[in-house]
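Undergrad: This one is my_file.cif, mmCIF, N, CA and C atoms.
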data_coords
#
loop_
_atom_site.group_PDB
_atom_site.id
_atom_site.type_symbol
_atom_site.label_atom_id
_atom_site.label_comp_id
_atom_site.auth_asym_id
_atom_site.auth_seq_id
_atom_site.Cartn_x
_atom_site.Cartn_y
_atom_site.Cartn_z
ATOM 1 N N GLU A 26 -0.303 48.168 191.879
ATOM 2 C CA GLU A 26 -0.690 48.957 190.711
ATOM 3 C C GLU A 26 -0.419 48.181 189.415
ATOM 4 N N LEU A 27 0.691 47.465 189.392
ATOM 5 C CA LEU A 27 1.026 46.677 188.204
ATOM 6 C C LEU A 27 -0.033 45.606 187.944
ATOM 7 N N LEU A 28 -0.508 44.970 188.996
ATOM 8 C CA LEU A 28 -1.562 43.955 188.841
ATOM 9 C C LEU A 28 -2.832 44.557 188.264
ATOM 10 N N ASP A 29 -3.197 45.741 188.736
ATOM 11 C CA ASP A 29 -4.388 46.429 188.234
ATOM 12 C C ASP A 29 -4.247 46.734 186.742
ATOM 13 N N TRP A 30 -3.101 47.267 186.346
ATOM 14 C CA TRP A 30 -2.883 47.593 184.938
ATOM 15 C C TRP A 30 -2.792 46.339 184.069
ATOM 16 N N ASN A 31 -2.225 45.273 184.603
ATOM 17 C CA ASN A 31 -2.202 44.004 183.870
ATOM 18 C C ASN A 31 -3.622 43.527 183.582
ATOM 19 N N HIS A 32 -4.492 43.651 184.577
ATOM 20 C CA HIS A 32 -5.893 43.257 184.404
ATOM 21 C C HIS A 32 -6.570 44.121 183.335
ATOM 22 N N ARG A 33 -6.372 45.421 183.408
ATOM 23 C CA ARG A 33 -6.948 46.332 182.401
ATOM 24 C C ARG A 33 -6.467 45.980 180.999
ATOM 25 N N TYR A 34 -5.169 45.739 180.899
ATOM 26 C CA TYR A 34 -4.558 45.416 179.607
ATOM 27 C C TYR A 34 -5.194 44.156 179.020
ATOM 28 N N ARG A 35 -5.311 43.129 179.847
ATOM 29 C CA ARG A 35 -5.889 41.870 179.360
ATOM 30 C C ARG A 35 -7.347 42.050 178.944
ATOM 31 N N GLU A 36 -8.082 42.838 179.689
ATOM 32 C CA GLU A 36 -9.479 43.120 179.338
ATOM 33 C C GLU A 36 -9.570 43.833 177.988
ATOM 34 N N LYS A 37 -8.688 44.779 177.761
ATOM 35 C CA LYS A 37 -8.733 45.566 176.521
ATOM 36 C C LYS A 37 -8.255 44.767 175.313
ATOM 37 N N PHE A 38 -7.129 44.065 175.455
ATOM 38 C CA PHE A 38 -6.502 43.426 174.295
ATOM 39 C C PHE A 38 -6.801 41.932 174.166
ATOM 40 N N GLY A 39 -7.225 41.291 175.235
ATOM 41 C CA GLY A 39 -7.566 39.880 175.167
ATOM 42 C C GLY A 39 -6.390 38.929 175.332
ATOM 43 N N PHE A 40 -5.237 39.450 175.672
ATOM 44 C CA PHE A 40 -4.061 38.617 175.953
ATOM 45 C C PHE A 40 -3.218 39.303 177.016
ATOM 46 N N VAL A 41 -2.316 38.534 177.623
ATOM 47 C CA VAL A 41 -1.506 39.079 178.713
ATOM 48 C C VAL A 41 -0.476 40.071 178.178
ATOM 49 N N TYR A 42 -0.105 40.988 179.026
ATOM 50 C CA TYR A 42 0.914 41.984 178.700
ATOM 51 C C TYR A 42 2.263 41.300 178.592
ATOM 52 N N LEU A 43 2.894 41.439 177.448
ATOM 53 C CA LEU A 43 4.210 40.849 177.216
ATOM 54 C C LEU A 43 5.257 41.936 177.082
ATOM 55 N N ILE A 44 6.326 41.762 177.844
ATOM 56 C CA ILE A 44 7.460 42.670 177.745
ATOM 57 C C ILE A 44 8.707 41.883 178.138
ATOM 58 N N CYS A 45 9.762 42.102 177.419
ATOM 59 C CA CYS A 45 11.034 41.488 177.786
ATOM 60 C C CYS A 45 11.557 42.289 178.979
ATOM 61 N N ALA A 46 11.379 41.740 180.156
ATOM 62 C CA ALA A 46 11.656 42.467 181.395
ATOM 63 C C ALA A 46 13.115 42.412 181.823
ATOM 64 N N SER A 47 13.938 41.722 181.089
ATOM 65 C CA SER A 47 15.345 41.580 181.454
ATOM 66 C C SER A 47 16.017 42.949 181.563
ATOM 67 N N GLY A 48 16.539 43.245 182.747
ATOM 68 C CA GLY A 48 17.232 44.508 182.971
ATOM 69 C C GLY A 48 16.323 45.696 183.221
ATOM 70 N N ARG A 49 15.036 45.463 183.348
ATOM 71 C CA ARG A 49 14.085 46.564 183.584
ATOM 72 C C ARG A 49 13.540 46.498 185.009
ATOM 73 N N SER A 50 13.309 47.663 185.569
ATOM 74 C CA SER A 50 12.737 47.736 186.917
ATOM 75 C C SER A 50 11.210 47.676 186.827
ATOM 76 N N THR A 51 10.573 47.427 187.957
ATOM 77 C CA THR A 51 9.110 47.397 187.999
ATOM 78 C C THR A 51 8.510 48.730 187.560
ATOM 79 N N PRO A 52 9.037 49.880 188.015
ATOM 80 C CA PRO A 52 8.484 51.153 187.535
ATOM 81 C C PRO A 52 8.616 51.324 186.012
ATOM 82 N N GLU A 53 9.714 50.843 185.435
ATOM 83 C CA GLU A 53 9.886 50.929 183.978
ATOM 84 C C GLU A 53 8.855 50.061 183.254
ATOM 85 N N ILE A 54 8.629 48.874 183.776
ATOM 86 C CA ILE A 54 7.653 47.962 183.170
ATOM 87 C C ILE A 54 6.257 48.562 183.245
ATOM 88 N N LEU A 55 5.914 49.130 184.383
ATOM 89 C CA LEU A 55 4.603 49.756 184.562
ATOM 90 C C LEU A 55 4.438 50.954 183.638
ATOM 91 N N ALA A 56 5.451 51.783 183.525
ATOM 92 C CA ALA A 56 5.384 52.955 182.644
ATOM 93 C C ALA A 56 5.175 52.527 181.195
ATOM 94 N N GLU A 57 5.879 51.479 180.779
ATOM 95 C CA GLU A 57 5.725 50.959 179.415
ATOM 96 C C GLU A 57 4.315 50.410 179.200
ATOM 97 N N LEU A 58 3.785 49.720 180.196
ATOM 98 C CA LEU A 58 2.429 49.179 180.100
ATOM 99 C C LEU A 58 1.417 50.305 179.915
ATOM 100 N N LYS A 59 1.537 51.345 180.717
ATOM 101 C CA LYS A 59 0.614 52.478 180.613
ATOM 102 C C LYS A 59 0.707 53.142 179.244
ATOM 103 N N MET A 60 1.907 53.264 178.722
ATOM 104 C CA MET A 60 2.091 53.881 177.410
ATOM 105 C C MET A 60 1.479 53.000 176.315
ATOM 106 N N ARG A 61 1.726 51.705 176.389
ATOM 107 C CA ARG A 61 1.221 50.788 175.369
ATOM 108 C C ARG A 61 -0.283 50.589 175.456
ATOM 109 N N TYR A 62 -0.870 50.841 176.599
ATOM 110 C CA TYR A 62 -2.310 50.667 176.791
ATOM 111 C C TYR A 62 -3.117 51.530 175.827
ATOM 112 N N THR A 63 -2.544 52.630 175.397
ATOM 113 C CA THR A 63 -3.258 53.540 174.488
ATOM 114 C C THR A 63 -3.211 53.074 173.030
ATOM 115 N N ASN A 64 -2.435 52.046 172.735
ATOM 116 C CA ASN A 64 -2.303 51.554 171.361
ATOM 117 C C ASN A 64 -3.589 50.919 170.839
ATOM 118 N N ARG A 65 -3.701 50.900 169.524
ATOM 119 C CA ARG A 65 -4.765 50.131 168.872
ATOM 120 C C ARG A 65 -4.414 48.650 169.008
ATOM 121 N N PRO A 66 -5.401 47.774 169.044
ATOM 122 C CA PRO A 66 -5.121 46.341 169.210
ATOM 123 C C PRO A 66 -4.140 45.763 168.188
ATOM 124 N N ILE A 67 -4.244 46.139 166.935
ATOM 125 C CA ILE A 67 -3.346 45.593 165.917
ATOM 126 C C ILE A 67 -1.899 46.021 166.170
ATOM 127 N N VAL A 68 -1.718 47.253 166.607
ATOM 128 C CA VAL A 68 -0.380 47.764 166.924
ATOM 129 C C VAL A 68 0.175 47.025 168.138
ATOM 130 N N GLU A 69 -0.664 46.858 169.144
ATOM 131 C CA GLU A 69 -0.216 46.187 170.363
ATOM 132 C C GLU A 69 0.098 44.715 170.110
ATOM 133 N N CYS A 70 -0.650 44.094 169.233
ATOM 134 C CA CYS A 70 -0.382 42.697 168.890
ATOM 135 C C CYS A 70 1.007 42.562 168.256
ATOM 136 N N GLU A 71 1.352 43.497 167.389
ATOM 137 C CA GLU A 71 2.674 43.486 166.753
ATOM 138 C C GLU A 71 3.785 43.709 167.788
ATOM 139 N N ILE A 72 3.583 44.659 168.684
ATOM 140 C CA ILE A 72 4.581 44.936 169.728
ATOM 141 C C ILE A 72 4.740 43.717 170.639
ATOM 142 N N ALA A 73 3.619 43.115 171.032
ATOM 143 C CA ALA A 73 3.671 41.939 171.909
ATOM 144 C C ALA A 73 4.413 40.788 171.229
ATOM 145 N N ALA A 74 4.208 40.619 169.927
ATOM 146 C CA ALA A 74 4.911 39.564 169.187
ATOM 147 C C ALA A 74 6.417 39.820 169.187
ATOM 148 N N LYS A 75 6.812 41.073 169.012
ATOM 149 C CA LYS A 75 8.241 41.416 169.039
ATOM 150 C C LYS A 75 8.834 41.179 170.429
ATOM 151 N N GLU A 76 8.079 41.514 171.456
ATOM 152 C CA GLU A 76 8.543 41.289 172.829
ATOM 153 C C GLU A 76 8.680 39.789 173.105
ATOM 154 N N GLN A 77 7.722 39.003 172.597
ATOM 155 C CA GLN A 77 7.816 37.548 172.770
ATOM 156 C C GLN A 77 9.055 37.011 172.066
ATOM 157 N N MET A 78 9.386 37.574 170.907
ATOM 158 C CA MET A 78 10.584 37.147 170.177
ATOM 159 C C MET A 78 11.842 37.446 171.001
ATOM 160 N N LYS A 79 11.889 38.607 171.632
ATOM 161 C CA LYS A 79 13.037 38.950 172.483
ATOM 162 C C LYS A 79 13.170 37.960 173.642
ATOM 163 N N ILE A 80 12.039 37.625 174.258
ATOM 164 C CA ILE A 80 12.038 36.684 175.380
ATOM 165 C C ILE A 80 12.540 35.318 174.914
ATOM 166 N N THR A 81 12.051 34.879 173.773
ATOM 167 C CA THR A 81 12.459 33.584 173.218
ATOM 168 C C THR A 81 13.946 33.573 172.894
ATOM 169 N N GLU A 82 14.443 34.660 172.296
ATOM 170 C CA GLU A 82 15.872 34.747 171.969
ATOM 171 C C GLU A 82 16.735 34.652 173.228
ATOM 172 N N LEU A 83 16.331 35.339 174.291
ATOM 173 C CA LEU A 83 17.084 35.267 175.553
ATOM 174 C C LEU A 83 17.088 33.849 176.119
ATOM 175 N N CYS A 84 15.947 33.193 176.060
ATOM 176 C CA CYS A 84 15.863 31.813 176.559
ATOM 177 C C CYS A 84 16.763 30.889 175.753
ATOM 178 N N LEU A 85 16.761 31.053 174.433
ATOM 179 C CA LEU A 85 17.607 30.213 173.583
ATOM 180 C C LEU A 85 19.087 30.488 173.829
ATOM 181 N N GLU A 86 19.448 31.756 174.009
ATOM 182 C CA GLU A 86 20.842 32.097 174.309
ATOM 183 C C GLU A 86 21.295 31.419 175.601
ATOM 184 N N LYS A 87 20.457 31.466 176.624
ATOM 185 C CA LYS A 87 20.795 30.828 177.899
ATOM 186 C C LYS A 87 20.899 29.315 177.736
ATOM 187 N N LEU A 88 19.985 28.740 176.977
ATOM 188 C CA LEU A 88 20.002 27.299 176.757
ATOM 189 C C LEU A 88 21.278 26.871 176.049
ATOM 190 N N TYR A 89 21.617 27.556 174.959
ATOM 191 C CA TYR A 89 22.812 27.191 174.207
ATOM 192 C C TYR A 89 24.089 27.470 175.001
ATOM 193 N N ALA A 90 24.084 28.521 175.791
ATOM 194 C CA ALA A 90 25.255 28.821 176.620
ATOM 195 C C ALA A 90 25.468 27.716 177.653
ATOM 196 N N SER A 91 24.394 27.254 178.268
ATOM 197 C CA SER A 91 24.533 26.188 179.265
ATOM 198 C C SER A 91 24.904 24.871 178.596
ATOM 199 N N LYS A 92 24.362 24.592 177.418
ATOM 200 C CA LYS A 92 24.717 23.365 176.685
ATOM 201 C C LYS A 92 26.180 23.415 176.266
ATOM 202 N N ALA A 93 26.651 24.562 175.799
ATOM 203 C CA ALA A 93 28.046 24.707 175.378
ATOM 204 C C ALA A 93 28.973 24.490 176.567
ATOM 205 N N TYR A 94 28.590 25.001 177.727
ATOM 206 C CA TYR A 94 29.405 24.823 178.930
ATOM 207 C C TYR A 94 29.471 23.347 179.305
ATOM 208 N N VAL A 95 28.332 22.679 179.297
ATOM 209 C CA VAL A 95 28.291 21.259 179.652
ATOM 210 C C VAL A 95 29.116 20.457 178.658
ATOM 211 N N THR A 96 28.978 20.740 177.368
ATOM 212 C CA THR A 96 29.719 20.022 176.338
ATOM 213 C C THR A 96 31.215 20.245 176.488
ATOM 214 N N SER A 97 31.644 21.489 176.654
ATOM 215 C CA SER A 97 33.075 21.766 176.775
ATOM 216 C C SER A 97 33.640 21.169 178.059
ATOM 217 N N ALA A 98 32.866 21.169 179.127
ATOM 218 C CA ALA A 98 33.319 20.568 180.382
ATOM 219 C C ALA A 98 33.447 19.059 180.219
ATOM 220 N N SER A 99 32.521 18.452 179.494
ATOM 221 C CA SER A 99 32.572 17.006 179.269
ATOM 222 C C SER A 99 33.755 16.632 178.401
ATOM 223 N N ILE A 100 33.994 17.387 177.352
ATOM 224 C CA ILE A 100 35.099 17.108 176.435
ATOM 225 C C ILE A 100 36.433 17.283 177.145
ATOM 226 N N SER A 101 36.545 18.279 177.988
ATOM 227 C CA SER A 101 37.819 18.534 178.663
ATOM 228 C C SER A 101 38.190 17.417 179.634
ATOM 229 N N GLN A 102 37.226 16.578 179.998
ATOM 230 C CA GLN A 102 37.506 15.478 180.917
ATOM 231 C C GLN A 102 37.980 14.216 180.192
ATOM 232 N N ILE A 103 37.940 14.188 178.860
ATOM 233 C CA ILE A 103 38.379 13.032 178.091
ATOM 234 C C ILE A 103 39.884 13.126 177.889
ATOM 235 N N PRO A 104 40.633 12.101 178.288
ATOM 236 C CA PRO A 104 42.091 12.139 178.106
ATOM 237 C C PRO A 104 42.464 12.216 176.629
ATOM 238 N N ILE A 105 43.416 13.051 176.301
ATOM 239 C CA ILE A 105 43.855 13.241 174.921
ATOM 240 C C ILE A 105 44.624 12.023 174.420
ATOM 241 N N SER A 106 45.269 11.298 175.288
ATOM 242 C CA SER A 106 46.136 10.193 174.885
ATOM 243 C C SER A 106 45.391 8.909 174.528
ATOM 244 N N LEU A 107 44.062 8.923 174.554
ATOM 245 C CA LEU A 107 43.315 7.721 174.204
ATOM 246 C C LEU A 107 43.525 7.367 172.742
ATOM 247 N N LYS A 108 43.782 6.091 172.483
ATOM 248 C CA LYS A 108 43.945 5.612 171.112
ATOM 249 C C LYS A 108 43.122 4.358 170.941
ATOM 250 N N THR A 109 42.705 4.120 169.720
ATOM 251 C CA THR A 109 42.004 2.872 169.444
ATOM 252 C C THR A 109 43.036 1.781 169.235
ATOM 253 N N LYS A 110 42.613 0.529 169.192
ATOM 254 C CA LYS A 110 43.539 -0.588 168.982
ATOM 255 C C LYS A 110 44.278 -0.434 167.665
ATOM 256 N N SER A 111 43.559 -0.010 166.621
ATOM 257 C CA SER A 111 44.197 0.102 165.308
ATOM 258 C C SER A 111 45.253 1.196 165.302
ATOM 259 N N GLU A 112 45.035 2.284 166.025
ATOM 260 C CA GLU A 112 46.042 3.344 166.094
ATOM 261 C C GLU A 112 47.281 2.842 166.821
ATOM 262 N N GLY A 113 47.088 2.032 167.845
ATOM 263 C CA GLY A 113 48.209 1.477 168.592
ATOM 264 C C GLY A 113 49.035 0.529 167.733
ATOM 265 N N ASN A 114 48.385 -0.194 166.845
ATOM 266 C CA ASN A 114 49.087 -1.138 165.976
ATOM 267 C C ASN A 114 49.887 -0.434 164.894
ATOM 268 N N LEU A 115 49.517 0.772 164.523
ATOM 269 C CA LEU A 115 50.227 1.508 163.474
ATOM 270 C C LEU A 115 51.642 1.860 163.903
ATOM 271 N N SER A 116 51.865 2.047 165.182
ATOM 272 C CA SER A 116 53.198 2.439 165.646
ATOM 273 C C SER A 116 54.150 1.250 165.731
ATOM 274 N N ASN A 117 53.663 0.032 165.593
ATOM 275 C CA ASN A 117 54.525 -1.166 165.667
ATOM 276 C C ASN A 117 55.199 -1.454 164.379
#
Spit out the file's structure as structure tokens when you get a sec.
TA:
Amino acid sequence: ELLDWNHRYREKFGFVYLICASGRSTPEILAELKMRYTNRPIVECEIAAKEQMKITELCLEKLYASKAYVTSASISQIPISLKTKSEGNLSN
């Protein structure tokens, strides 16, 4: 049924149905699609843009979270006692 409604949506609006599906079930996504199908194209374009923004924000959050983890893991492996030659000479 979701595939059928996706096809109808694309035929009516000229672009794919966009929804930030994170944490939503298939029945919830389908219900939202059916509700949004009645919108005017300009209204639906605005909603789709907002949904795309949510999707992009989630992707960026995941990207930065994974980069932060990799960076902190890399830094934690560097010994704290490392000194340059000039620092070693200062103690003499």
Undergrad: Extract, using only C-alpha atoms, all DNA, RNA and protein residues at most 7 Å from segment 55-72 of chain A, discarding same-chain residues fewer than 3 positions from it, and format them as a list in words.
TA: Leu27, Tyr34, Phe38, Thr51, Pro52, Lys75 and Glu76 of chain A
Undergrad: Could you turn the residues from that selection into a file that holds N, CA and C atoms, as a PDB file, in the coordinates of the input?
TA:
ATOM      1  N   LEU A  27       0.691  47.465 189.392  1.00  0.00           N
ATOM      2  CA  LEU A  27       1.026  46.677 188.204  1.00  0.00           C
ATOM      3  C   LEU A  27      -0.033  45.606 187.944  1.00  0.00           C
ATOM      4  N   TYR A  34      -5.169  45.739 180.899  1.00  0.00           N
ATOM      5  CA  TYR A  34      -4.558  45.416 179.607  1.00  0.00           C
ATOM      6  C   TYR A  34      -5.194  44.156 179.020  1.00  0.00           C
ATOM      7  N   PHE A  38      -7.129  44.065 175.455  1.00  0.00           N
ATOM      8  CA  PHE A  38      -6.502  43.426 174.295  1.00  0.00           C
ATOM      9  C   PHE A  38      -6.801  41.932 174.166  1.00  0.00           C
ATOM     10  N   THR A  51      10.573  47.427 187.957  1.00  0.00           N
ATOM     11  CA  THR A  51       9.110  47.397 187.999  1.00  0.00           C
ATOM     12  C   THR A  51       8.510  48.730 187.560  1.00  0.00           C
ATOM     13  N   PRO A  52       9.037  49.880 188.015  1.00  0.00           N
ATOM     14  CA  PRO A  52       8.484  51.153 187.535  1.00  0.00           C
ATOM     15  C   PRO A  52       8.616  51.324 186.012  1.00  0.00           C
ATOM     16  N   LYS A  75       6.812  41.073 169.012  1.00  0.00           N
ATOM     17  CA  LYS A  75       8.241  41.416 169.039  1.00  0.00           C
ATOM     18  C   LYS A  75       8.834  41.179 170.429  1.00  0.00           C
ATOM     19  N   GLU A  76       8.079  41.514 171.456  1.00  0.00           N
ATOM     20  CA  GLU A  76       8.543  41.289 172.829  1.00  0.00           C
ATOM     21  C   GLU A  76       8.680  39.789 173.105  1.00  0.00           C
TER      22      GLU A  76
END
Undergrad: How far is it from atom CA of Phe40 of chain A to atom C of Ala73 of chain A, in Å with one decimal?
TA: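 Value for the atom CA of Phe40 of chain A-atom C of Ala73 of chain A distance: 9.9 Å.
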Undergrad: Could you work out an axis-aligned box for segment 65-78 of chain A, taking every atom the file lists and adding 8 Å on each side, and report centre and edge lengths in Å to one decimal, as AutoDock Vina command-line options?
TA:
--center_x 3.2 --center_y 44.0 --center_z 169.5 --size_x 33.2 --size_y 29.9 --size_z 23.2
Undergrad: What does the distance from atom N of Ala93 of chain A to atom C of Thr81 of chain A come to in Å, to one decimal?
TA: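 Answer for the atom N of Ala93 of chain A to atom C of Thr81 of chain A separation: 15.8 Å.
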Undergrad: To one decimal place in Å, what is the distance between atom C of Leu88 of chain A and atom N of Glu53 of chain A?
TA: 28.2 Å
